[in-house]
Amino acid sequence: MAEYALQVNQLTKTFTKKHWFSSAKSSTTAVDNISFTLEQGEILGFLGANGSGKTTTIQMLLGVMTPTSGNILYFGQNLSAHRSNILQNVAFASSYTKLPSRLTIAENLDFFGRLYGLSRPQIKERMEYLLKFFSMWHMKDASTGVLSAGQMTRVMLSKAFMASPKVVLLDEPTASLDPDVAYDVHRFVLHQQKQEGVSVLFTSHNMNEVTEICSRVLILQSGKIVANDTPEKLARSVSTAHVSLIVGDGLKRTEEYAKQHNIPYEIKGRLIELNIEENHIARLLTDLARINVEYTNISIEKPTLEDYFLHLVRNKPA
Amino acid sequence: MKLYRIKILLKRHLMSTTREFHRFIDIIYWPFLEIILWGLTGVWLQGNTEHLSMYTTMLLAALIFWQIFTRAEHEIISSLVDELWSYNLINLFSSPLEITEWIISAMSLGIIKSIFTMVFGIIITWSIYGCNLTLLGTVLFPLFILFIISGWALGFFMSALIIYWSHKIQSFIWALDWTLAAFSTVYYSIEVLPSWAQYIAYALPMTHTFYALRTFIQTGILPVNAIYTSLLLSFFYLILSMYVFINMFSKSKGIGLLRLEQE
C-alpha cells in the first residue's frame with residue numbers, strides 16, 4: 001500500500017461551551033467526521049466558504065488544535081504521538097500569521113532555518129535561493145515590520161520552504177499578491193511539487209488558481225467534505241453554461257424569452273448573459289432565430305470550478 | 001529535546017531586547033527609578049547621608065532582589081506575550097519546537113536578564129549611596145537563586161492564564177505583582193502585617209528569603225531554616241505552576257491556539 005504524505009481519518013472537532021451559573025452546555029461541530037488523503041507530490045485544493053471548518057482543520061493538521069476524535073497521519077506516523085519528528089517535515093504559510101517585526105527578513109529566516117535544524121551554509125544557500133525567487137533578496141536586511149502585505153506573504157512563503165519540507169500547508173498564500181507575483185507563487189509551488197516532490201495542501205478563494213495548480217479538490221461545507229475530485233470533473237458536474245450575446249436587434253425579445261423560460265440573465269448595454277443548461281443551448285439559439293433576434297457576437301463559456309462552488313454554496317441545505 | 005532549538009529561541013529574544021527600547025526601559029529604567037526613590041527615602045528618614053544605616057542597606061538590597069524576582073517572572077510572561085503580539089505563536093508551535101524547549105528558553109532568559117539587573121542594581125547602589133552590596137559575599141548566590149525560582153513560578157502561573165485567556169488577563173497580572181509585593185514583605189518586616197495577612201505572607205517563598213536577607217545584614221548569620229523553607233516553597237510553587245501552565249497550554253490547544261492571536 002502506498003504511503004500517503006497525509007492521511008486524515010474521521011477527524012472531528014466539537015466545541016463545547018459551558019454556561020455560567022447553570023449546568024447547561026451547548027456544542028458546535030466545526031469539523032464533522034472528515035477523512036481524506038494527500039498523496040506524495042500532490043497539490044490538493046482545500047476549499048470552503050467562510051465558517052466551513054477549513055481553518056479549524058488546518059489548525060488540527062498543524063498540531064495547534066487538538067481534535068475531538070479521529071487521527072492525523074503524516075507518512076504513516078500519528079501526529080499526536082510523533083509531533084516534533086513529523087513537524088520537522090511539515091511547514092505552513094498563511095496570511096493570518098506574521099513574524100517578529102523588530103527582526104530583519106534574514107534574521108527571521110535564519111531563526112526558522114535553525115529551529116528546523118539547518119546548518120549555517122544550508123540556511124545561507126536556501127535563503128538566497130528563496131528570497132531571490134520571490135524578488136525579496138534586496139530587502140533581506142529590512143525589518144519585517146515595514147513590509148507591505150504582499151511582501152510579508154512572500155517572506156512567509158520563504159519561511160515555509162526554508163527547511164525543504166515534504167508537506168506544506170498553504171492557507172491563501174496569494175490573497176494579497178499582485179497577479180504577476182501570484183503567478184510566480186504558482187510557478188514556485190508547481191516547481192517544488194515536480195522537482196522536490198513536495199505535497200501541498202492549498203486553500204484559496206481564487207478558483208482559477210486552484211484549477212490551474214491543484215490536481216484534486218476537496219470542498220468543505222458545514223464541517224463535512226461535500227466534494228472530492230479533480231477540478232475539471234467537479235466543473236463538468238455543473239450543467240449550467242454561460243451564453244453571452246451582443247444583440248443588434250431584439251434585446252427586449254431576448255429578455256422576454258429568458259423571463260418566460262426562467263433563464264437567469266443579466267443585461268449590460270447591448271450584451272445579455274444567460275445562464276442556461278448546456279443541453280438547452282441549441283434550443284435557445286433556434287428559438288432566438290425564430291423570434292428574429294439578431295446578434296453580432298456570441299460566446300459560450302463552459303462551467304468552471306467557481307460555478308460548481310457557487311452551486312454548492314447556494315444550494316446548501318438549511 | 002534539542003539544545004539548538006533552545007539556543008536559537010534564546011538568541012532571538014536577546015536580539016529583540018537590543019532592538020526594542022521598552023525592553024531597556026524594563027531592565028534599566030524601572031530598577032533605577034526604584035533604587036533612587038526608595039534609597040533617597042531611606043536616606044532622608046535616617047537623616048544622615050554620610051553613612052547608610054543598616055535599615056537603608058536592607059531596603060536597597062531588598063529592592064534589588066525584588067527586581068530580580070520580577071525580572072525572572074516578566075521574562076517568562078513576555079516570552080509568551082511577545083509571540084502573541086508578533087502574531088508568531090502559530091509559526092512557533094507548528095514547528096518542531098516542543099513546549100519544554102520553550103519553557104527552558106524562557107527560564108534561561110530570566111536568568112540572563114536577572115544577572116544584568118542585579119549587576120546594574122549593585123553598581124547604581126554603590127555609586128549613588130556608597131553601599132557595596134558585594135560585601136554580602138557568597139550569600140548573594142543562594143538568595144539570587146531563590147528569587148529566580150520564585151519569579152519563574154509566578155511567571156508560569158501568569159503565563160498559564162495568558163495562554164488560555166490571552167491579552168484580556170494582562171491588567172490582572174500587573175495588579176497581582178503589586179499585591180504580592182505587599183505580602184512578600186519587600187519593604188518591611190512580617191510583623192508589620194495584620195495577623196491574617198501574615199498567614200498569606202508565610203505561604204510565600206519570597207517572605208522567607210527577604211527574612212534571611214534582612215537577618216544576614218543585621219547579624220551576619222544566614223538563617224538556614226528560612227533558606228530551606230524558601231527553597232521548599234519555591235520548588236513546590238515552580239512545579240505546581242509548570243504543571244498548571246502545561247495543562248492550560250493543552251486546554252488552550254483544545255480550542256485552538258490561533259484564536260489567541262486574533263483576540
# chains A, B, ... in the order shown; residues from 1 in each chain; ligands from 1
>>> interface_residues(of="chain A", to="chain B", cutoff="9 Å", atoms="only C-alpha atoms", output="PyMOL selection string")
chain A and resi 15+56+59-60+62-68+83-93+96-103+107-108+111-112+114-117
>>> residues_around(residues="region 223-238 of chain B", least_positions_apart="3", cutoff="9 Å", atoms="only C-alpha atoms", output="ChimeraX atom specification")
/B:142-143,146-147,149-154,156-157,203-209,211-213,215-216,241-243
>>> write_last_selection(atoms="N, CA and C atoms", output="PDB file, in the first residue's frame")
ATOM      1  N   PRO B 142      22.871  32.135  46.841  1.00  0.00           N
ATOM      2  CA  PRO B 142      21.619  31.400  47.140  1.00  0.00           C
ATOM      3  C   PRO B 142      20.384  32.297  47.117  1.00  0.00           C
ATOM      4  N   LEU B 143      20.556  33.550  47.539  1.00  0.00           N
ATOM      5  CA  LEU B 143      19.403  34.455  47.527  1.00  0.00           C
ATOM      6  C   LEU B 143      18.947  34.713  46.090  1.00  0.00           C
ATOM      7  N   LEU B 146      17.082  31.693  44.819  1.00  0.00           N
ATOM      8  CA  LEU B 146      15.743  31.573  45.409  1.00  0.00           C
ATOM      9  C   LEU B 146      14.761  32.545  44.760  1.00  0.00           C
ATOM     10  N   PHE B 147      15.206  33.785  44.557  1.00  0.00           N
ATOM     11  CA  PHE B 147      14.305  34.768  43.933  1.00  0.00           C
ATOM     12  C   PHE B 147      14.011  34.421  42.481  1.00  0.00           C
ATOM     13  N   ILE B 149      13.862  31.358  41.221  1.00  0.00           N
ATOM     14  CA  ILE B 149      12.897  30.234  41.202  1.00  0.00           C
ATOM     15  C   ILE B 149      11.490  30.740  41.518  1.00  0.00           C
ATOM     16  N   SER B 150      11.400  31.629  42.529  1.00  0.00           N
ATOM     17  CA  SER B 150      10.073  32.178  42.867  1.00  0.00           C
ATOM     18  C   SER B 150       9.515  32.972  41.688  1.00  0.00           C
ATOM     19  N   GLY B 151      10.383  33.740  41.022  1.00  0.00           N
ATOM     20  CA  GLY B 151       9.945  34.535  39.863  1.00  0.00           C
ATOM     21  C   GLY B 151       9.451  33.648  38.743  1.00  0.00           C
ATOM     22  N   TRP B 152      10.189  32.572  38.477  1.00  0.00           N
ATOM     23  CA  TRP B 152       9.755  31.623  37.443  1.00  0.00           C
ATOM     24  C   TRP B 152       8.369  31.067  37.779  1.00  0.00           C
ATOM     25  N   ALA B 153       8.212  30.700  39.051  1.00  0.00           N
ATOM     26  CA  ALA B 153       6.939  30.081  39.468  1.00  0.00           C
ATOM     27  C   ALA B 153       5.773  31.020  39.166  1.00  0.00           C
ATOM     28  N   LEU B 154       5.919  32.279  39.573  1.00  0.00           N
ATOM     29  CA  LEU B 154       4.837  33.232  39.319  1.00  0.00           C
ATOM     30  C   LEU B 154       4.672  33.467  37.812  1.00  0.00           C
ATOM     31  N   PHE B 156       5.213  31.402  35.332  1.00  0.00           N
ATOM     32  CA  PHE B 156       4.500  30.299  34.681  1.00  0.00           C
ATOM     33  C   PHE B 156       3.018  30.304  35.040  1.00  0.00           C
ATOM     34  N   PHE B 157       2.732  30.704  36.286  1.00  0.00           N
ATOM     35  CA  PHE B 157       1.322  30.775  36.676  1.00  0.00           C
ATOM     36  C   PHE B 157       0.596  31.841  35.833  1.00  0.00           C
ATOM     37  N   ALA B 203       3.137  31.804  53.502  1.00  0.00           N
ATOM     38  CA  ALA B 203       2.988  30.811  52.426  1.00  0.00           C
ATOM     39  C   ALA B 203       3.793  31.182  51.185  1.00  0.00           C
ATOM     40  N   LEU B 204       4.350  32.385  51.190  1.00  0.00           N
ATOM     41  CA  LEU B 204       5.118  32.831  50.014  1.00  0.00           C
ATOM     42  C   LEU B 204       6.617  32.635  50.252  1.00  0.00           C
ATOM     43  N   PRO B 205       7.324  32.049  49.292  1.00  0.00           N
ATOM     44  CA  PRO B 205       8.762  31.819  49.498  1.00  0.00           C
ATOM     45  C   PRO B 205       9.549  33.122  49.649  1.00  0.00           C
ATOM     46  N   MET B 206       9.081  34.184  48.968  1.00  0.00           N
ATOM     47  CA  MET B 206       9.828  35.456  48.979  1.00  0.00           C
ATOM     48  C   MET B 206       9.939  36.016  50.400  1.00  0.00           C
ATOM     49  N   THR B 207       8.887  35.818  51.205  1.00  0.00           N
ATOM     50  CA  THR B 207       8.880  36.331  52.581  1.00  0.00           C
ATOM     51  C   THR B 207      10.062  35.746  53.361  1.00  0.00           C
ATOM     52  N   HIS B 208      10.277  34.446  53.192  1.00  0.00           N
ATOM     53  CA  HIS B 208      11.353  33.765  53.917  1.00  0.00           C
ATOM     54  C   HIS B 208      12.724  34.197  53.390  1.00  0.00           C
ATOM     55  N   THR B 209      12.796  34.433  52.079  1.00  0.00           N
ATOM     56  CA  THR B 209      14.086  34.853  51.502  1.00  0.00           C
ATOM     57  C   THR B 209      14.414  36.273  51.981  1.00  0.00           C
ATOM     58  N   TYR B 211      13.390  37.618  54.728  1.00  0.00           N
ATOM     59  CA  TYR B 211      13.725  37.490  56.154  1.00  0.00           C
ATOM     60  C   TYR B 211      15.202  37.083  56.299  1.00  0.00           C
ATOM     61  N   ALA B 212      15.617  36.100  55.469  1.00  0.00           N
ATOM     62  CA  ALA B 212      17.011  35.631  55.504  1.00  0.00           C
ATOM     63  C   ALA B 212      17.963  36.776  55.154  1.00  0.00           C
ATOM     64  N   LEU B 213      17.581  37.543  54.145  1.00  0.00           N
ATOM     65  CA  LEU B 213      18.421  38.675  53.707  1.00  0.00           C
ATOM     66  C   LEU B 213      18.580  39.701  54.837  1.00  0.00           C
ATOM     67  N   THR B 215      18.055  39.310  58.069  1.00  0.00           N
ATOM     68  CA  THR B 215      18.765  38.746  59.216  1.00  0.00           C
ATOM     69  C   THR B 215      20.273  38.735  58.960  1.00  0.00           C
ATOM     70  N   PHE B 216      20.661  38.382  57.737  1.00  0.00           N
ATOM     71  CA  PHE B 216      22.092  38.326  57.427  1.00  0.00           C
ATOM     72  C   PHE B 216      22.724  39.717  57.513  1.00  0.00           C
ATOM     73  N   SER B 241       3.218  25.450  39.254  1.00  0.00           N
ATOM     74  CA  SER B 241       2.895  26.420  38.203  1.00  0.00           C
ATOM     75  C   SER B 241       3.245  25.867  36.817  1.00  0.00           C
ATOM     76  N   MET B 242       4.322  25.079  36.744  1.00  0.00           N
ATOM     77  CA  MET B 242       4.673  24.464  35.448  1.00  0.00           C
ATOM     78  C   MET B 242       3.603  23.457  35.042  1.00  0.00           C
ATOM     79  N   TYR B 243       3.118  22.722  36.019  1.00  0.00           N
ATOM     80  CA  TYR B 243       2.060  21.755  35.752  1.00  0.00           C
ATOM     81  C   TYR B 243       0.797  22.492  35.249  1.00  0.00           C
TER      82      TYR B 243
END
>>> select_by_dssp(residues="region 80-207 of chain A", states="strand (DSSP E)", output="list in words")
Val90, Ala91, Phe92, Ala93, Ser94, Val167, Val168, Leu169, Leu170, Asp171, Ser199, Val200, Leu201, Phe202 and Thr203 of chain A
>>> select_by_dssp(residues="region 36-273 of chain A", states="helix (DSSP H, G or I)", output="MDAnalysis selection string")
chainID A and resid 54:62 83:87 105:115 120:133 137:139 144:146 149:161 179:196 207:213 231:236 251:260
>>> decode(residues="region 65-216 of chain B", atoms="C-alpha atoms", output="short mmCIF file (atom, residue, chain, number, x, y, z; two decimals), in the first residue's frame")
data_model
loop_
_atom_site.label_atom_id
_atom_site.label_comp_id
_atom_site.auth_asym_id
_atom_site.auth_seq_id
_atom_site.Cartn_x
_atom_site.Cartn_y
_atom_site.Cartn_z
CA PHE B 65 16.33 41.28 44.87
CA TRP B 66 12.69 42.22 44.22
CA GLN B 67 13.79 43.41 40.79
CA ILE B 68 15.47 40.04 40.22
CA PHE B 69 12.24 38.28 41.21
CA THR B 70 10.08 40.41 38.89
CA ARG B 71 12.61 40.18 36.03
CA ALA B 72 12.57 36.35 36.17
CA GLU B 73 8.75 36.47 36.28
CA HIS B 74 8.35 39.04 33.49
CA GLU B 75 10.73 37.25 31.14
CA ILE B 76 8.57 34.12 31.28
CA ILE B 77 5.46 36.21 30.61
CA SER B 78 6.98 38.39 27.89
CA SER B 79 8.44 35.37 26.08
CA LEU B 80 4.82 34.37 25.52
CA VAL B 81 3.24 37.80 25.09
CA ASP B 82 5.89 38.80 22.51
CA GLU B 83 4.87 35.88 20.32
CA LEU B 84 1.22 36.87 20.61
CA TRP B 85 1.92 40.50 19.73
CA SER B 86 4.05 39.40 16.77
CA TYR B 87 1.34 37.00 15.51
CA ASN B 88 4.09 34.41 15.64
CA LEU B 89 2.64 31.88 18.08
CA ILE B 90 1.27 29.61 15.35
CA ASN B 91 4.54 29.73 13.39
CA LEU B 92 6.38 28.71 16.52
CA PHE B 93 4.13 25.93 17.79
CA SER B 94 3.54 24.45 14.34
CA SER B 95 7.30 23.96 14.10
CA PRO B 96 9.17 21.05 15.75
CA LEU B 97 9.66 23.23 18.85
CA GLU B 98 8.47 21.46 21.99
CA ILE B 99 6.82 23.20 24.91
CA THR B 100 9.61 22.03 27.25
CA GLU B 101 12.17 23.71 24.96
CA TRP B 102 10.16 26.93 25.06
CA ILE B 103 10.00 26.69 28.88
CA ILE B 104 13.77 26.19 29.24
CA SER B 105 14.47 29.06 26.88
CA ALA B 106 12.18 31.41 28.82
CA MET B 107 13.78 30.36 32.12
CA SER B 108 17.27 30.94 30.74
CA LEU B 109 16.24 34.36 29.50
CA GLY B 110 15.06 35.14 33.04
CA ILE B 111 18.46 34.19 34.48
CA ILE B 112 20.45 36.23 31.94
CA LYS B 113 18.39 39.38 32.36
CA SER B 114 18.23 38.99 36.15
CA ILE B 115 22.03 38.83 36.32
CA PHE B 116 22.11 42.02 34.27
CA THR B 117 19.57 43.66 36.59
CA MET B 118 21.50 42.56 39.69
CA VAL B 119 24.84 43.85 38.42
CA PHE B 120 23.22 47.10 37.32
CA GLY B 121 21.44 47.49 40.68
CA ILE B 122 24.63 46.82 42.66
CA ILE B 123 26.59 49.37 40.60
CA ILE B 124 23.89 52.04 41.00
CA THR B 125 23.53 51.43 44.74
CA TRP B 126 27.28 51.60 45.19
CA SER B 127 27.81 54.67 43.00
CA ILE B 128 24.89 56.71 44.39
CA TYR B 129 24.74 55.66 48.04
CA GLY B 130 28.22 54.16 48.52
CA CYS B 131 26.51 50.96 49.60
CA ASN B 132 28.60 48.00 48.43
CA LEU B 133 26.25 45.01 48.34
CA THR B 134 29.01 42.69 47.06
CA LEU B 135 30.16 42.69 50.69
CA LEU B 136 27.28 40.26 51.27
CA GLY B 137 29.65 37.83 49.54
CA THR B 138 28.59 34.31 48.64
CA VAL B 139 25.20 34.83 50.32
CA LEU B 140 24.18 36.73 47.19
CA PHE B 141 24.25 33.48 45.25
CA PRO B 142 21.62 31.40 47.14
CA LEU B 143 19.40 34.46 47.53
CA PHE B 144 19.64 35.14 43.79
CA ILE B 145 18.71 31.51 43.02
CA LEU B 146 15.74 31.57 45.41
CA PHE B 147 14.30 34.77 43.93
CA ILE B 148 14.80 33.45 40.41
CA ILE B 149 12.90 30.23 41.20
CA SER B 150 10.07 32.18 42.87
CA GLY B 151 9.95 34.54 39.86
CA TRP B 152 9.75 31.62 37.44
CA ALA B 153 6.94 30.08 39.47
CA LEU B 154 4.84 33.23 39.32
CA GLY B 155 5.78 33.74 35.65
CA PHE B 156 4.50 30.30 34.68
CA PHE B 157 1.32 30.78 36.68
CA MET B 158 0.64 34.07 34.88
CA SER B 159 1.59 32.56 31.51
CA ALA B 160 -0.91 29.77 32.16
CA LEU B 161 -3.62 32.43 32.37
CA ILE B 162 -2.39 34.20 29.22
CA ILE B 163 -2.13 31.03 27.16
CA TYR B 164 -5.80 30.40 27.84
CA TRP B 165 -7.35 33.88 28.13
CA SER B 166 -4.86 35.85 26.01
CA HIS B 167 -4.30 39.61 26.47
CA LYS B 168 -7.58 40.05 28.32
CA ILE B 169 -5.89 38.93 31.51
CA GLN B 170 -2.89 41.27 31.34
CA SER B 171 -4.11 44.04 33.65
CA PHE B 172 -4.82 41.43 36.33
CA ILE B 173 -1.24 40.20 36.03
CA TRP B 174 0.37 43.57 36.78
CA ALA B 175 -2.08 44.12 39.63
CA LEU B 176 -1.12 40.78 41.17
CA ASP B 177 2.56 41.77 41.07
CA TRP B 178 1.94 44.69 43.42
CA THR B 179 -0.36 42.66 45.63
CA LEU B 180 2.37 40.08 46.05
CA ALA B 181 4.90 42.81 46.83
CA ALA B 182 2.73 43.79 49.80
CA PHE B 183 2.56 40.24 51.14
CA SER B 184 6.17 39.34 50.36
CA THR B 185 7.49 41.86 52.90
CA VAL B 186 9.87 43.52 50.46
CA TYR B 187 10.00 46.85 52.26
CA TYR B 188 9.20 45.83 55.83
CA SER B 189 9.30 43.00 58.31
CA ILE B 190 6.44 40.49 58.53
CA GLU B 191 5.36 41.74 61.99
CA VAL B 192 4.07 44.92 60.35
CA LEU B 193 1.35 42.96 58.56
CA PRO B 194 -2.00 42.24 60.24
CA SER B 195 -2.21 38.69 61.56
CA TRP B 196 -4.48 37.39 58.75
CA ALA B 197 -2.04 38.74 56.14
CA GLN B 198 0.86 37.07 57.91
CA TYR B 199 -0.63 33.65 57.06
CA ILE B 200 -0.53 34.58 53.37
CA ALA B 201 2.97 36.01 53.73
CA TYR B 202 4.31 32.82 55.34
CA ALA B 203 2.99 30.81 52.43
CA LEU B 204 5.12 32.83 50.01
CA PRO B 205 8.76 31.82 49.50
CA MET B 206 9.83 35.46 48.98
CA THR B 207 8.88 36.33 52.58
CA HIS B 208 11.35 33.76 53.92
CA THR B 209 14.09 34.85 51.50
CA PHE B 210 13.64 38.52 52.49
CA TYR B 211 13.73 37.49 56.15
CA ALA B 212 17.01 35.63 55.50
CA LEU B 213 18.42 38.68 53.71
CA ARG B 214 17.48 41.09 56.49
CA THR B 215 18.76 38.75 59.22
CA PHE B 216 22.09 38.33 57.43
#
